[in-house]
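For reference, the structure is listed below as structure tokens.
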Amino acid sequence: MIPSMTALRSLVLALVLALVSLTAGHAQAPADLPPGMTQQQFDALVEAISKSVAEKLKVEGSAPAAAPAKSGKAAPAPAPKVIITKLPADKPDEFAVFLRQTGRVVMALPEVGRRLAMLPGLIDARPRGGAGPFAFLALLGLIAAIAVTAESIVRRILTRLRDRLAVGSAPEMGLRSLVNLGGLVLLDGLGLFVVWVICRGAAGAWFATSDGHDRLAIAVLTGIFAWRLYVLAFRVVLRPGLPAARLCAVNDEEAWGLYARIEVILLLIILWRILYQVLVALETPHDALSAFQVLGGIVYLVAFIWLAFRSQVAARQWFGGLGTVSRWAGLVGRHWLGIALPFFVALGATQIYGAISERLNVSGAMLLTLILVVALLFFETLLQAFVRRLDSQLPGRTPEGNVPKLPDVVARCIRVAVLIGLALTVAQTWIVDVLGLVNEGEWDQLTRSSRTAGVTLFMAFVLWEAFKYVTEPYMERKTAGASPVGGEGDGPAQSASRLSTIMPLLRATVAVVLAIVATLIALEDFGVNTVPLLAGASVLGLAVSFGSQTLVRDIVSGIFYLTDDAFRVGEYIDCGRAKGTVEGFTLRSIKLRHQNGQVHTIPFGQLGQITNFSRDWITVKFNLRFARDTDVEKLRKAAKKIGADMMEMPEFKADILAPFKMQGIADIADNALLCRFKFTVKPGNPAAIQREAVKRMFRTFPELGIEFAKEGAAVVVQQTMHHAAEVAASEAAAAAPAVVPPVVVPEPVRA
């Protein structure tokens with residue numbers, strides 16, 4: 001019978017073990033050694049193979065199978081064996097492993113000191129005919145000092161030119177300020193170019209070999225250039241000493257302080273990285289390198305916490321200035337320590353954890369997040385500075401205005417695109433590289449579909465922003481002209497236009513349509529079948545239309561009212577149920593503000609007849625009483641003169657369509673002439689014009705001898721008639737027999 005696979009494997013392992021034993025027994029003979037191998041190496045190899053075979057046999061749990069019998073009889077089938085296999089070992093406790101690694105790293109700290117003590121030997125070139133450690137360090141420090149000093153000298157030489165360019169870099173200078181800002185960057189670039197020339201020239205002149213000390217010198221000179229390059233980016237934004245050219249909202253004192261602190265931290269980071277390269281060149285053990293990285297994480301943590309506390313005022317000013325446009329920046333400015341400290345603590349903790357656990361992807365992801373956050377801060381600062389300077393050259397917007405301009409819309413779209421890109425980068429770093437929730441292939445498949453969906457949603461956002469930009473001026477006019485107009489005619493003379501009236505409803509409709517279409521397309525990109533959604537929405541809409549007939553009537557009535565242009569926002573109307581100024585409306589109702597302050601909400605289906613008091617023009621007529629002997633022609637000329645004077649008044653000139661004048665005598669009473677006056681004005685503010693006309697009449701008419709009718713005149717006439725009656729009665733009494741005279745009760749005089 002054919003032996004089982006386990007028996008064959010056991011037999012092979014037994015033969016190998018026997019061969020190894022025989023080989024080990026004869027290993028002392030020099031003639032049996034393989035060529036190129038010493039006796040010690042051969043013994044170690046034999047011992048390793050023996051241990052490996054023994055462990056394999058132990059795992060298999062079976063002895064080597066017996067050789068088949070030499071007789072012609074078939075060997076009996078082997079008895080069934082119980083093979084004992086070990087269960088897979090439990091996953092080791094990650095925390096325990098981390099503690100053991102931490103112990104090894106801590107124990108390796110003295111090795112870091114010993115390796116750094118070897119640095120003088122690395123830079124000592126005297127055995128090769130070069131300079132010693134002190135001379136090498138002195139030369140390197142001199143070159144670094146010359147490079148930094150040369151940059152400062154170049155900057156001082158160009159001070160006057162920089163000051164002139166800075167004066168013309170204020171935001172109110174418009175496009176010219178952008179040119180001046182570019183000139184300032186070029187001047188700063190000259191200083192950086194000098195640093196590069198000095199460092200590169202020194203590297204080629206004194207450190208051109210491949211020795212360790214020359215490689216160290218080149219690393220230091222490269223670090224100096226990188227330090228000045230990174231500092232230049234912060235100089236462009238902070239501009240210490242040049243407030244007019246500063247791109248962020250930080251005062252000069254805080255700008256100097258923040259710039260100096262950032263210089264120190266960047267120099268510290270670069271020097272620490274150079275020391276790490278030195279340790280690598282000295283062939284430092286892995287645990288010692290991890291210990292040095294742990295020390296670096298602690299140093300970074302302390303430095304950034306110091307930066308956060310010392311830069312509180314500067315951070316609030318910088319982020320607060322950005323908060324006028326970007327909400328996230330304003331939030332960071334208001335809660336700087338509460339956001340910055342946890343972020344910096346997480347940065348230092350991930351650096352330490354990555355160094356101990358050898359998971360450098362964690363520390364790399366956190367470092368990449370920090371770099372992207374700083375890049376986003378620079379991007380937002382530069383974008384807002386550019387938009388402010390471009391807006392100042394375009395008509396229509398003042399610093400207090402709310403109507404956006406085209407640069408604002410474009411900047412908002414660019415900002416959203418950049419935020420999406422940064423979010424995807426950070427998400428991929430943490431989800432794929434650190435957390436391992438998905439692999440590269442799954443992430444690529446997810447991003448391919450999400451990329452198309454994201455582009456669709458972004459295009460919908462761009463279309464919405466463009467539509468808002470086109471319609472915002474009409475919304476602004478509606479807001480400016482929609483002040484309440486009282487029933488007495490007080491208020492502005494201009495109501496909203498027809499387009500401004502329907503614009504809120506139109507914008508809401510466009511927003512809903514864009515959102516629905518973009519969402520459906522995005523779901524299609526993710527592979528979701530949208531046909532059931534459309535069918536369900538159709539059924540739901542049909543059910544709502546049948547079950548809400550009153551709602552449908554209100555909506556349809558509102559559409560026809562708007563189509564007929566029956567009212568606009570800011571107009572005073574009477575719908576039978578209520579009177580008031582139209583403040584706004586929704587899809588089914590209108591809001592009327594009464595002159596006393598009450599707000600009436602009336603469905604469109606219940607409006608009925610609309611009487612509009614604010615459309616096109618309005619003629620005001622009113623009557624006044626004058627004395628019966630008034631010269632009518634003089635009164636007419638005086639009223640005409642008042643109307644002509646009011647036509648020249650700046651506050652009423654644009655509103656008066658037909659001047660104030662006397663229309664004629666409306667009625668003749670017993671003691672007065674009732675005269676009618678009229679004028680025609682634009683709707684909205686007729687009461688103020690009427691009050692002004694009456695005030696002028698009351699002031700000028702007495703000077704012309706024109707008197708208003710007096711209510712007491714009727715009483716005088718009545719008293720005269722009573723007096724005549726009394727005289728006649730007394731004469732009759734004298735002629736007649738003596739009788740008791742009647743008692744006459746005089747009529748009371750009205751005040």
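Numbering starts fresh at 1 for the residues of each chain in the structure tokens, the chains themselves are lettered A, B, ... in the order given, and ligands are numbered from 1 as they appear.
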
Leaving out Ala639 in chain A and any residue of its chain fewer than 3 positions from it, which residues lie within 12 Å of it when counting only C-alpha atoms, given as JSON, numbers by chain? {"A": [624, 632, 633, 634, 635, 636, 642, 643, 644, 645, 646, 659, 660, 661, 662, 663, 664, 675, 676, 677, 678, 679, 693, 694, 695, 696, 697, 698, 700, 701, 704, 706]}

| said: Excluding Asp188 in chain A and its own-chain neighbours fewer than 5 positions away, which residues fall within 12 Å of it when counting only C-alpha atoms? Please give them as number ranges by chain. | reply: A: 151-159, 161-162, 181-183, 193-195, 228-229, 231-236, 239

Nearest to Trp617 in chain A, restricted to only C-alpha atoms and choosing among A:Thr456, A:Asn685, A:Thr630, A:Thr601, comes out as A:Asn685

| task | Run DSSP on the backbone of this structure and report the residues of range 214-304 of chain A it assigns to helix (DSSP H, G or I), as number ranges by chain. | result | A: 214-238, 243-245, 252-281, 286-304

For the selection you just gave me, I'd like the residues written to a file as a PDB file, in the first residue's frame, keeping C-alpha atoms.
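Saved as out_20.pdb:
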ATOM      1  CA  ASP A 214      32.205  66.146   3.948  1.00  0.00           C
ATOM      2  CA  ARG A 215      28.811  64.467   3.770  1.00  0.00           C
ATOM      3  CA  LEU A 216      27.991  65.943   7.165  1.00  0.00           C
ATOM      4  CA  ALA A 217      29.048  69.406   5.985  1.00  0.00           C
ATOM      5  CA  ILE A 218      26.875  69.157   2.864  1.00  0.00           C
ATOM      6  CA  ALA A 219      23.917  68.066   5.016  1.00  0.00           C
ATOM      7  CA  VAL A 220      24.410  71.071   7.310  1.00  0.00           C
ATOM      8  CA  LEU A 221      24.719  73.540   4.415  1.00  0.00           C
ATOM      9  CA  THR A 222      21.632  72.057   2.736  1.00  0.00           C
ATOM     10  CA  GLY A 223      19.763  72.368   6.042  1.00  0.00           C
ATOM     11  CA  ILE A 224      20.709  76.043   6.320  1.00  0.00           C
ATOM     12  CA  PHE A 225      19.322  76.755   2.853  1.00  0.00           C
ATOM     13  CA  ALA A 226      16.135  74.784   3.641  1.00  0.00           C
ATOM     14  CA  TRP A 227      15.747  76.727   6.892  1.00  0.00           C
ATOM     15  CA  ARG A 228      15.910  80.098   5.134  1.00  0.00           C
ATOM     16  CA  LEU A 229      13.543  78.829   2.421  1.00  0.00           C
ATOM     17  CA  TYR A 230      10.879  77.788   4.941  1.00  0.00           C
ATOM     18  CA  VAL A 231      11.310  81.030   6.867  1.00  0.00           C
ATOM     19  CA  LEU A 232      10.789  82.986   3.636  1.00  0.00           C
ATOM     20  CA  ALA A 233       7.272  81.561   3.291  1.00  0.00           C
ATOM     21  CA  PHE A 234       6.317  82.950   6.721  1.00  0.00           C
ATOM     22  CA  ARG A 235       8.058  86.257   5.964  1.00  0.00           C
ATOM     23  CA  VAL A 236       5.895  86.735   2.853  1.00  0.00           C
ATOM     24  CA  VAL A 237       2.727  86.378   4.935  1.00  0.00           C
ATOM     25  CA  LEU A 238       3.736  88.070   8.215  1.00  0.00           C
ATOM     26  CA  PRO A 243       2.308  96.481   7.948  1.00  0.00           C
ATOM     27  CA  ALA A 244       1.001  97.752   4.608  1.00  0.00           C
ATOM     28  CA  ALA A 245       2.243  94.621   2.820  1.00  0.00           C
ATOM     29  CA  ASP A 252       3.403  94.546  13.927  1.00  0.00           C
ATOM     30  CA  GLU A 253       4.488  93.529  17.424  1.00  0.00           C
ATOM     31  CA  GLU A 254       2.806  90.138  17.238  1.00  0.00           C
ATOM     32  CA  ALA A 255       4.100  89.639  13.693  1.00  0.00           C
ATOM     33  CA  TRP A 256       7.707  90.081  14.866  1.00  0.00           C
ATOM     34  CA  GLY A 257       7.217  87.739  17.807  1.00  0.00           C
ATOM     35  CA  LEU A 258       5.511  85.007  15.791  1.00  0.00           C
ATOM     36  CA  TYR A 259       8.139  85.244  13.046  1.00  0.00           C
ATOM     37  CA  ALA A 260      11.007  84.875  15.537  1.00  0.00           C
ATOM     38  CA  ARG A 261       9.400  81.879  17.270  1.00  0.00           C
ATOM     39  CA  ILE A 262       8.777  80.111  13.961  1.00  0.00           C
ATOM     40  CA  GLU A 263      12.417  80.733  12.977  1.00  0.00           C
ATOM     41  CA  VAL A 264      13.616  79.043  16.176  1.00  0.00           C
ATOM     42  CA  ILE A 265      11.331  76.025  15.804  1.00  0.00           C
ATOM     43  CA  LEU A 266      12.218  75.463  12.148  1.00  0.00           C
ATOM     44  CA  LEU A 267      15.943  75.662  12.960  1.00  0.00           C
ATOM     45  CA  LEU A 268      15.470  73.169  15.795  1.00  0.00           C
ATOM     46  CA  ILE A 269      13.658  70.713  13.515  1.00  0.00           C
ATOM     47  CA  ILE A 270      16.352  70.916  10.818  1.00  0.00           C
ATOM     48  CA  LEU A 271      19.227  70.466  13.295  1.00  0.00           C
ATOM     49  CA  TRP A 272      17.518  67.455  14.839  1.00  0.00           C
ATOM     50  CA  ARG A 273      17.119  65.834  11.419  1.00  0.00           C
ATOM     51  CA  ILE A 274      20.813  66.457  10.689  1.00  0.00           C
ATOM     52  CA  LEU A 275      21.760  64.741  13.948  1.00  0.00           C
ATOM     53  CA  TYR A 276      19.586  61.780  12.967  1.00  0.00           C
ATOM     54  CA  GLN A 277      21.461  61.510   9.668  1.00  0.00           C
ATOM     55  CA  VAL A 278      24.738  61.609  11.619  1.00  0.00           C
ATOM     56  CA  LEU A 279      23.591  58.713  13.797  1.00  0.00           C
ATOM     57  CA  VAL A 280      22.646  56.730  10.708  1.00  0.00           C
ATOM     58  CA  ALA A 281      26.092  57.411   9.234  1.00  0.00           C
ATOM     59  CA  HIS A 286      18.088  50.336  15.543  1.00  0.00           C
ATOM     60  CA  ASP A 287      16.944  50.658  19.173  1.00  0.00           C
ATOM     61  CA  ALA A 288      19.254  53.638  19.682  1.00  0.00           C
ATOM     62  CA  LEU A 289      17.820  55.340  16.583  1.00  0.00           C
ATOM     63  CA  SER A 290      14.331  54.744  17.961  1.00  0.00           C
ATOM     64  CA  ALA A 291      15.428  56.253  21.271  1.00  0.00           C
ATOM     65  CA  PHE A 292      16.711  59.331  19.470  1.00  0.00           C
ATOM     66  CA  GLN A 293      13.380  59.646  17.631  1.00  0.00           C
ATOM     67  CA  VAL A 294      11.556  59.435  20.962  1.00  0.00           C
ATOM     68  CA  LEU A 295      13.689  62.273  22.269  1.00  0.00           C
ATOM     69  CA  GLY A 296      12.858  64.212  19.105  1.00  0.00           C
ATOM     70  CA  GLY A 297       9.142  63.700  19.666  1.00  0.00           C
ATOM     71  CA  ILE A 298       9.452  65.059  23.197  1.00  0.00           C
ATOM     72  CA  VAL A 299      11.447  68.060  21.975  1.00  0.00           C
ATOM     73  CA  TYR A 300       8.881  68.755  19.229  1.00  0.00           C
ATOM     74  CA  LEU A 301       6.037  68.510  21.730  1.00  0.00           C
ATOM     75  CA  VAL A 302       7.614  70.993  24.133  1.00  0.00           C
ATOM     76  CA  ALA A 303       8.511  73.390  21.312  1.00  0.00           C
ATOM     77  CA  PHE A 304       5.024  73.403  19.795  1.00  0.00           C
TER      78      PHE A 304
END

Find the distance between CA of Val517 in chain A and CA of Glu465 in chain A and write it in Å to one decimal.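 Rounded to one decimal, the two atoms are 16.0 Å apart.
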
Report task. List the neighbours of Tyr572 in chain A out to 7 Å using only C-alpha atoms; skip same-chain residues closer than 3 positions along the sequence, and give me the result as JSON, numbers by chain. Result -> {"A": [485, 580, 581, 582, 612, 613, 614]}

With C-alpha atoms retained, export the selected residues as a short mmCIF file (atom, residue, chain, number, x, y, z; two decimals), in the first residue's frame.
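This went into part_8.cif:
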data_model
loop_
_atom_site.label_atom_id
_atom_site.label_comp_id
_atom_site.auth_asym_id
_atom_site.auth_seq_id
_atom_site.Cartn_x
_atom_site.Cartn_y
_atom_site.Cartn_z
CA VAL A 485 -45.14 101.12 4.44
CA GLY A 580 -50.76 95.78 5.23
CA THR A 581 -47.37 95.85 3.59
CA VAL A 582 -46.24 92.73 1.77
CA ASN A 612 -52.85 97.77 -4.43
CA PHE A 613 -52.11 101.22 -2.97
CA SER A 614 -48.47 101.28 -4.07
#

- Item | d(CA of Ala522 in chain A, CA of Leu457 in chain A) in Å |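 Rounded to one decimal, the two atoms are 7.1 Å apart.
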
Item checked: Atomic separation - CA of Arg588 in chain A relative to CA of Ile555 in chain A, Å ->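 Result for CA of Ile555 in chain A versus CA of Arg588 in chain A: 4.9 Å, one decimal.
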
Pick from A:Thr209, A:Asn623, A:Asn529, A:Asn671 nearest to Gln690 in chain A, counting only C-alpha atoms:
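Between A:Thr209, A:Asn623, A:Asn529, A:Asn671, the residue approaching Gln690 in chain A most closely is A:Asn623.
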
Just the strand (DSSP E) stuff from range 515-648 of chain A, please, per backbone DSSP, written as a ChimeraX atom specification. /A:572-574,579-585,589-593,599-603,611-612,618-627
